$ cat target.txt   # compact mmCIF, C-alpha atoms
# COMPACT_ATOMS: atom_id res chain seq x y z
CA MET A 1 -11.87 17.19 26.62
CA ILE A 2 -9.15 15.34 24.79
CA GLU A 3 -9.68 11.68 25.70
CA TYR A 4 -6.64 9.49 25.25
CA ARG A 5 -6.99 5.76 24.80
CA TYR A 6 -3.56 5.26 26.36
CA PRO A 7 -1.79 7.48 28.92
CA GLU A 8 1.40 7.24 26.85
CA GLU A 9 -0.23 9.38 24.16
CA LYS A 10 -0.37 12.40 26.44
CA ILE A 11 3.16 11.77 27.70
CA VAL A 12 4.43 11.69 24.12
CA ALA A 13 2.45 14.79 23.08
CA ILE A 14 3.81 16.80 26.03
CA TYR A 15 7.31 15.53 25.33
CA PHE A 16 7.16 16.72 21.73
CA ALA A 17 5.71 20.09 22.77
CA GLU A 18 8.72 20.51 25.06
CA ILE A 19 11.36 19.60 22.49
CA LEU A 20 9.61 21.74 19.87
CA GLU A 21 9.46 24.54 22.47
CA ASP A 22 5.78 24.99 21.68
CA ILE A 23 4.39 26.58 24.84
CA LYS A 24 0.90 27.06 23.44
CA ALA A 25 0.65 23.39 22.47
CA SER A 26 1.83 22.41 25.96
CA GLU A 27 -0.86 24.59 27.49
CA ILE A 28 -3.59 23.10 25.30
CA ILE A 29 -2.52 19.53 26.02
CA GLU A 30 -2.25 20.15 29.77
CA ARG A 31 -5.60 21.97 29.79
CA GLY A 32 -7.20 19.21 27.70
CA TYR A 33 -9.22 21.32 25.30
CA VAL A 34 -9.00 24.13 22.74
CA SER A 35 -10.94 27.32 23.31
CA SER A 36 -10.97 28.83 19.82
CA ALA A 37 -10.56 28.07 16.14
CA GLU A 38 -7.10 29.59 16.34
CA GLU A 39 -6.10 27.11 19.03
CA ALA A 40 -7.60 24.29 16.98
CA THR A 41 -5.39 25.31 14.07
CA HIS A 42 -2.41 25.58 16.40
CA LEU A 43 -2.97 22.08 17.76
CA SER A 44 -3.36 20.73 14.22
CA LYS A 45 -0.13 22.40 13.08
CA PHE A 46 1.60 21.12 16.20
CA PHE A 47 0.57 17.58 15.29
CA TRP A 48 2.35 17.81 11.94
CA ALA A 49 5.39 19.51 13.48
CA MET A 50 5.48 16.51 15.79
CA ILE A 51 5.48 14.16 12.80
CA GLU A 52 8.34 16.07 11.16
CA LYS A 53 10.35 15.85 14.37
CA SER A 54 9.44 12.21 14.93
CA ALA A 55 10.62 11.39 11.40
CA GLN A 56 14.08 12.65 12.33
CA GLY A 57 14.28 9.92 14.97
CA VAL A 58 13.31 10.78 18.52
CA GLU A 59 13.67 8.67 21.61
CA ILE A 60 10.52 8.95 23.67
CA PRO A 61 10.15 8.63 27.44
CA CYS A 62 7.95 5.51 27.35
CA GLU A 63 7.69 2.07 25.77
CA GLY A 64 6.96 2.01 22.05
CA SER A 65 8.13 4.14 19.14
CA SER A 66 7.33 7.75 18.33
CA GLU A 67 5.90 6.48 15.01
CA TYR A 68 3.48 4.22 16.89
CA TRP A 69 2.31 6.84 19.37
CA THR A 70 1.95 9.62 16.81
CA GLU A 71 -0.28 7.24 14.84
CA LYS A 72 -2.46 6.89 17.94
CA LEU A 73 -2.42 10.67 18.44
CA TYR A 74 -3.56 11.14 14.85
CA ASN A 75 -6.87 9.53 15.78
CA THR A 76 -7.08 11.00 19.27
CA LEU A 77 -6.36 14.65 18.42
CA GLY A 78 -8.19 14.53 15.09
CA GLY A 79 -11.20 12.85 16.68
CA TYR A 80 -11.25 15.38 19.50
CA LEU A 81 -11.13 18.38 17.14
CA GLU A 82 -13.92 16.90 15.01
CA GLU A 83 -16.07 16.37 18.08
CA ALA A 84 -15.32 19.90 19.29
CA GLY A 85 -16.48 21.41 15.99
CA TYR A 86 -13.05 22.04 14.49
CA GLU A 87 -12.98 19.41 11.78
CA LYS A 88 -12.16 22.03 9.14
CA GLN A 89 -9.09 23.24 11.04
CA TRP A 90 -7.87 19.66 11.41
CA ASP A 91 -8.56 18.75 7.78
CA ASP A 92 -6.91 21.92 6.49
CA GLU A 93 -3.65 20.94 8.16
CA VAL A 94 -3.91 17.37 6.86
CA ASP A 95 -4.18 18.93 3.41
CA ASN A 96 -1.25 21.28 4.08
CA ALA A 97 1.06 18.59 5.47
CA MET B 1 -10.74 -16.42 -4.39
CA THR B 2 -11.69 -12.76 -4.48
CA LYS B 3 -10.65 -11.02 -7.65
CA GLN B 4 -7.92 -8.51 -6.95
CA TYR B 5 -7.55 -5.25 -8.80
CA ILE B 6 -4.05 -3.90 -9.21
CA HIS B 7 -3.67 -0.15 -9.59
CA GLN B 8 -0.79 2.27 -9.38
CA PHE B 9 -0.55 5.87 -8.29
CA ARG B 10 2.12 8.52 -8.56
CA THR B 11 0.47 11.38 -6.71
CA MET B 12 -2.05 11.72 -3.91
CA GLU B 13 -4.54 13.00 -6.47
CA ASP B 14 -4.09 9.76 -8.45
CA LEU B 15 -4.71 7.79 -5.28
CA ARG B 16 -7.83 9.79 -4.47
CA GLU B 17 -9.24 9.15 -7.94
CA ILE B 18 -8.63 5.41 -7.64
CA ILE B 19 -9.88 4.90 -4.10
CA LYS B 20 -13.09 6.90 -4.60
CA GLU B 21 -14.23 4.15 -6.99
CA PHE B 22 -14.38 1.69 -4.12
CA GLN B 23 -17.32 2.62 -1.92
CA GLY B 24 -17.11 0.98 1.47
CA PHE B 25 -13.38 0.36 1.40
CA VAL B 26 -11.16 -0.09 4.42
CA ALA B 27 -7.49 0.44 3.69
CA ARG B 28 -4.04 0.27 5.24
CA PRO B 29 -1.05 2.24 3.96
CA THR B 30 1.89 -0.16 4.08
CA VAL B 31 5.59 0.68 3.82
CA GLY B 32 7.62 -1.01 1.10
CA GLU B 33 7.31 -4.78 1.02
CA ASN B 34 5.93 -5.02 4.54
CA HIS B 35 3.00 -7.30 5.22
CA PRO B 36 -0.35 -5.47 5.17
CA THR B 37 -1.78 -6.99 8.34
CA LEU B 38 1.21 -8.29 10.33
CA TYR B 39 4.46 -6.74 11.54
CA ASP B 40 8.00 -7.98 10.96
CA PRO B 41 10.39 -7.27 13.87
CA GLU B 42 13.12 -6.35 11.39
CA ASN B 43 10.99 -3.61 9.84
CA THR B 44 9.34 -2.35 13.01
CA PRO B 45 10.66 0.71 14.88
CA PRO B 46 12.60 -0.18 18.03
CA GLY B 47 10.55 -0.25 21.20
CA GLU B 48 7.39 -1.73 19.72
CA LYS B 49 6.58 -5.06 21.33
CA LEU B 50 5.43 -7.77 18.90
CA VAL B 51 3.97 -11.22 19.45
CA GLN B 52 3.87 -13.47 16.36
CA GLY B 53 3.59 -10.36 14.16
CA LEU B 54 0.93 -8.60 16.25
CA ARG B 55 1.66 -5.27 17.92
CA VAL B 56 0.73 -6.11 21.50
CA LYS B 57 -0.82 -2.71 22.20
CA ASP B 58 -3.19 -3.03 19.24
CA TRP B 59 -5.05 -5.99 20.71
CA TYR B 60 -6.61 -7.01 24.00
CA LEU B 61 -4.25 -9.85 24.89
CA SER B 62 -4.19 -12.14 27.90
CA PRO B 63 -1.31 -11.39 30.30
CA ASP B 64 0.63 -14.40 28.98
CA TYR B 65 0.13 -13.23 25.36
CA GLN B 66 -1.39 -16.60 24.41
CA TRP B 67 -4.94 -15.40 23.86
CA VAL B 68 -6.66 -12.53 22.07
CA LEU B 69 -9.77 -11.37 23.88
CA PRO B 70 -12.77 -9.58 22.36
CA HIS B 71 -12.76 -5.80 22.59
CA PRO B 72 -15.09 -3.47 20.64
CA GLN B 73 -12.51 -0.70 20.19
CA MET B 74 -9.18 -2.48 19.89
CA GLY B 75 -7.67 -4.20 16.91
CA LEU B 76 -5.91 -3.50 13.64
CA SER B 77 -6.39 0.05 12.32
CA PHE B 78 -7.89 0.74 8.91
CA SER B 79 -8.79 3.98 7.14
CA SER B 80 -12.37 4.08 5.92
CA ASN B 81 -12.49 7.45 4.19
CA TRP B 82 -10.20 9.40 1.92
CA GLN B 83 -9.32 12.13 4.40
CA HIS B 84 -8.16 9.67 7.04
CA LEU B 85 -6.23 7.61 4.51
CA LYS B 86 -4.54 10.70 3.07
CA GLY B 87 -3.31 11.91 6.46
CA LEU B 88 -2.09 8.48 7.51
CA HIS B 89 -0.31 7.97 4.20
CA LYS B 90 1.43 11.34 4.60
CA MET B 91 2.52 10.42 8.13
CA MET B 92 3.97 7.11 7.00
CA GLN B 93 5.70 8.71 4.01
CA LYS B 94 7.32 11.31 6.27
CA HIS B 95 8.55 8.56 8.59
CA ASN B 96 9.84 6.55 5.61
CA PRO B 97 10.93 9.17 3.05
CA SER B 98 12.95 6.85 0.83
CA THR B 99 10.47 3.99 0.61
CA ALA B 100 7.21 3.67 -1.31
CA VAL B 101 4.05 3.51 0.78
CA HIS B 102 1.48 1.28 -0.92
CA VAL B 103 -2.21 1.09 -0.06
CA TYR B 104 -3.82 -2.28 0.63
CA TRP B 105 -7.60 -2.35 0.77
CA VAL B 106 -10.63 -4.57 1.04
CA LEU B 107 -14.34 -3.88 1.17
CA GLU B 108 -15.69 -3.51 4.69
CA ALA B 109 -18.60 -5.75 3.69
CA ALA B 110 -16.34 -8.47 2.30
CA ASP B 111 -16.38 -11.92 3.84
CA ILE B 112 -13.80 -12.14 6.59
CA PRO B 113 -12.99 -15.10 8.83
CA PRO B 114 -15.35 -15.85 11.72
CA GLY B 115 -14.44 -14.17 14.99
CA LEU B 116 -13.38 -10.92 13.33
CA LYS B 117 -15.38 -7.79 12.55
CA PHE B 118 -14.74 -4.30 11.18
CA VAL B 119 -16.01 -1.71 13.66
CA PRO B 120 -15.98 2.10 13.34
CA ASP B 121 -13.84 3.98 15.84
CA LYS B 122 -16.34 5.75 18.12
CA LYS B 123 -13.96 8.70 18.45
CA LYS B 124 -12.60 9.30 14.94
CA LYS B 125 -14.37 9.56 11.61
CA GLY B 126 -12.78 7.55 8.84
CA HIS B 127 -11.08 5.12 11.21
CA HIS B 128 -12.12 1.49 11.65
CA PHE B 129 -10.76 -1.29 13.81
CA LEU B 130 -10.61 -4.89 12.70
CA THR B 131 -11.69 -6.31 16.04
CA VAL B 132 -11.85 -9.76 17.57
CA THR B 133 -15.38 -10.84 18.55
CA ASP B 134 -14.51 -14.32 19.87
CA LYS B 135 -11.69 -15.30 22.19
CA MET B 136 -8.99 -17.04 20.16
CA LEU B 137 -5.36 -18.07 20.38
CA VAL B 138 -2.82 -15.63 19.02
CA HIS B 139 -1.76 -18.03 16.29
CA GLN B 140 -5.40 -18.38 15.20
CA LEU B 141 -5.67 -14.61 14.80
CA VAL B 142 -2.42 -14.59 12.85
CA GLU B 143 -3.85 -17.21 10.47
CA LYS B 144 -6.97 -15.10 9.98
CA LEU B 145 -4.95 -11.95 9.36
CA ASN B 146 -2.90 -13.81 6.77
CA TRP B 147 -6.15 -14.96 5.14
CA ILE B 148 -7.37 -11.38 4.90
CA ALA B 149 -4.02 -10.13 3.62
CA ASP B 150 -4.12 -12.72 0.83
CA ARG B 151 -7.43 -11.26 -0.32
CA MET B 152 -6.56 -7.58 -0.07
CA SER B 153 -6.02 -5.60 -3.23
CA VAL B 154 -3.13 -3.19 -3.55
CA ILE B 155 -2.71 0.24 -5.06
CA LYS B 156 1.00 0.50 -5.67
CA ASP B 157 2.91 3.72 -5.20
CA ALA B 158 4.68 3.84 -8.54
CA GLY B 159 6.34 7.16 -7.81
CA PHE B 160 9.35 5.41 -6.32
CA THR B 161 9.66 2.49 -8.70
CA LEU B 162 8.89 3.70 -12.22
$ encode --input "target.txt" --output "structure tokens"
Amino acid sequence: MIEYRYPEEKIVAIYFAEILEDIKASEIIERGYVSSAEEATHLSKFFWAMIEKSAQGVEIPCEGSSEYWTEKLYNTLGGYLEEAGYEKQWDDEVDNA
Amino acid sequence: MTKQYIHQFRTMEDLREIIKEFQGFVARPTVGENHPTLYDPENTPPGEKLVQGLRVKDWYLSPDYQWVLPHPQMGLSFSSNWQHLKGLHKMMQKHNPSTAVHVYWVLEAADIPPGLKFVPDKKKKGHHFLTVTDKMLVHQLVEKLNWIADRMSVIKDAGFTL
């Protein structure tokens, strides 16, 4: 399961999935885990789409900045995918970003 | 005084070649002329709460924000491998496209002030926290973070300035 250090991380991730209209990312985040390598890649790509959107300036529905919370999500989502056996999928998208 | 090595990079490949020479490094990408271990309210995104240059959510602070309490998994974030550093640098560059993002680093095993310790993140490879091991006043932590910053070496992003 994706374990967040702070509840705001999940709020921010769901918020970005909504504004990016990424239904699959929303499902993964709500479910709390990925069930395939394809989903791991999708979640990794979603993370970087979130960064691109955040860089445009996004007001988030909680205290703090989108830059701050995406930095926290970098460790949370990356750490989860590593633990789940999808380090390669995560690293590939870091390389592609 | 620790000897500081000044390097420059223009590409991520340059940076990788430089940083791989320093086994046991812990590093922080830092935007422009920002301080490597403290935050300036003028250069911090709106909404982030600061106390004397500390981001309050980074540390385990007393409710009155006077004290910093020990916590094994809270503190200032550092990258401790290339992959983590690369991703974080890319994130910061995307958030700050017109400003150079330099890399400040120190050896994990270097002497640091008492009451502080580098600890691996239990949940993410390549990520360390600089944690507090002894209860201290916020201004004491700030002094210690300044001490560390003074001894950090920098790899300058020359792509924006040369």
$ interface_residues --input "target.txt" --of "chain B" --to "chain A" --cutoff "10 Å" --atoms "all atoms listed in the file" --output "ChimeraX atom specification"
/B:44-49,55,57,73-74,77,83-84,86-88,90-97,121-127
$ atom_distance --input "target.txt" --atom1 "atom CA of Ala110 of chain B" --atom2 "atom CA of Lys144 of chain B"
13.8 Å
$ closest_residue --input "target.txt" --among "B:Ala100, B:Ile148, B:Val138, B:Leu130" --to "Gln8 of chain B" --atoms "only C-alpha atoms"
B:Ala100
$ residues_around --input "target.txt" --residues "Ala25 of chain A" --least-positions-apart "6" --cutoff "8 Å" --atoms "all atoms listed in the file" --output "list in words"
Ala17, His42, Leu43 and Phe46 of chain A
$ atom_distance --input "target.txt" --atom1 "atom CA of Ala37 of chain A" --atom2 "atom CA of Val12 of chain A"
23.6 Å
$ atom_distance --input "target.txt" --atom1 "atom CA of Asp111 of chain B" --atom2 "atom CA of Ser80 of chain B"
16.6 Å
$ axis_aligned_box --input "target.txt" --around "segment 32-38 of chain A" --padding-each-side "4 Å" --output "lines of an AutoDock Vina configuration file"
center_x = -9.0
center_y = 24.4
center_z = 21.9
size_x = 11.9
size_y = 18.4
size_z = 19.6
$ residues_near_point --input "target.txt" --point "(0.3, -11.4, 9.4)" --cutoff "12 Å" --atoms "all atoms listed in the file" --output "list in words"
Asn34, His35, Pro36, Thr37, Leu38, Tyr39, Asp40, Pro41, Leu50, Val51, Gln52, Gly53, Leu54, Arg55, Leu76, Val138, His139, Gln140, Leu141, Val142, Glu143, Lys144, Leu145, Asn146, Trp147, Ile148, Ala149 and Asp150 of chain B
$ write_last_selection --input "target.txt" --atoms "C-alpha atoms" --output "PDB file, in the coordinates of the input"
ATOM      1  CA  ASN B  34       5.930  -5.020   4.540  1.00  0.00           C
ATOM      2  CA  HIS B  35       3.000  -7.300   5.220  1.00  0.00           C
ATOM      3  CA  PRO B  36      -0.350  -5.470   5.170  1.00  0.00           C
ATOM      4  CA  THR B  37      -1.780  -6.990   8.340  1.00  0.00           C
ATOM      5  CA  LEU B  38       1.210  -8.290  10.330  1.00  0.00           C
ATOM      6  CA  TYR B  39       4.460  -6.740  11.540  1.00  0.00           C
ATOM      7  CA  ASP B  40       8.000  -7.980  10.960  1.00  0.00           C
ATOM      8  CA  PRO B  41      10.390  -7.270  13.870  1.00  0.00           C
ATOM      9  CA  LEU B  50       5.430  -7.770  18.900  1.00  0.00           C
ATOM     10  CA  VAL B  51       3.970 -11.220  19.450  1.00  0.00           C
ATOM     11  CA  GLN B  52       3.870 -13.470  16.360  1.00  0.00           C
ATOM     12  CA  GLY B  53       3.590 -10.360  14.160  1.00  0.00           C
ATOM     13  CA  LEU B  54       0.930  -8.600  16.250  1.00  0.00           C
ATOM     14  CA  ARG B  55       1.660  -5.270  17.920  1.00  0.00           C
ATOM     15  CA  LEU B  76      -5.910  -3.500  13.640  1.00  0.00           C
ATOM     16  CA  VAL B 138      -2.820 -15.630  19.020  1.00  0.00           C
ATOM     17  CA  HIS B 139      -1.760 -18.030  16.290  1.00  0.00           C
ATOM     18  CA  GLN B 140      -5.400 -18.380  15.200  1.00  0.00           C
ATOM     19  CA  LEU B 141      -5.670 -14.610  14.800  1.00  0.00           C
ATOM     20  CA  VAL B 142      -2.420 -14.590  12.850  1.00  0.00           C
ATOM     21  CA  GLU B 143      -3.850 -17.210  10.470  1.00  0.00           C
ATOM     22  CA  LYS B 144      -6.970 -15.100   9.980  1.00  0.00           C
ATOM     23  CA  LEU B 145      -4.950 -11.950   9.360  1.00  0.00           C
ATOM     24  CA  ASN B 146      -2.900 -13.810   6.770  1.00  0.00           C
ATOM     25  CA  TRP B 147      -6.150 -14.960   5.140  1.00  0.00           C
ATOM     26  CA  ILE B 148      -7.370 -11.380   4.900  1.00  0.00           C
ATOM     27  CA  ALA B 149      -4.020 -10.130   3.620  1.00  0.00           C
ATOM     28  CA  ASP B 150      -4.120 -12.720   0.830  1.00  0.00           C
TER      29      ASP B 150
END
$ residues_around --input "target.txt" --residues "Leu116 of chain B" --least-positions-apart "3" --cutoff "6 Å" --atoms "only C-alpha atoms" --output "JSON, numbers by chain"
{"B": [131, 132, 133]}
$ closest_residue --input "target.txt" --among "A:Val58, A:Ala13, A:Ala84, A:Ala49" --to "Glu30 of chain A" --atoms "all atoms listed in the file"
A:Ala13
$ residues_around --input "target.txt" --residues "Glu39 of chain A" --least-positions-apart "5" --cutoff "10 Å" --atoms "only C-alpha atoms" --output "list in words"
Lys24, Ala25, Ile28, Tyr33, Val34, Ser44, Lys45, Tyr86 and Gln89 of chain A
$ residues_around --input "target.txt" --residues "Val26 of chain B" --least-positions-apart "4" --cutoff "6 Å" --atoms "all atoms listed in the file" --output "VMD selection string"
chain B and resid 78 to 80 105 to 108
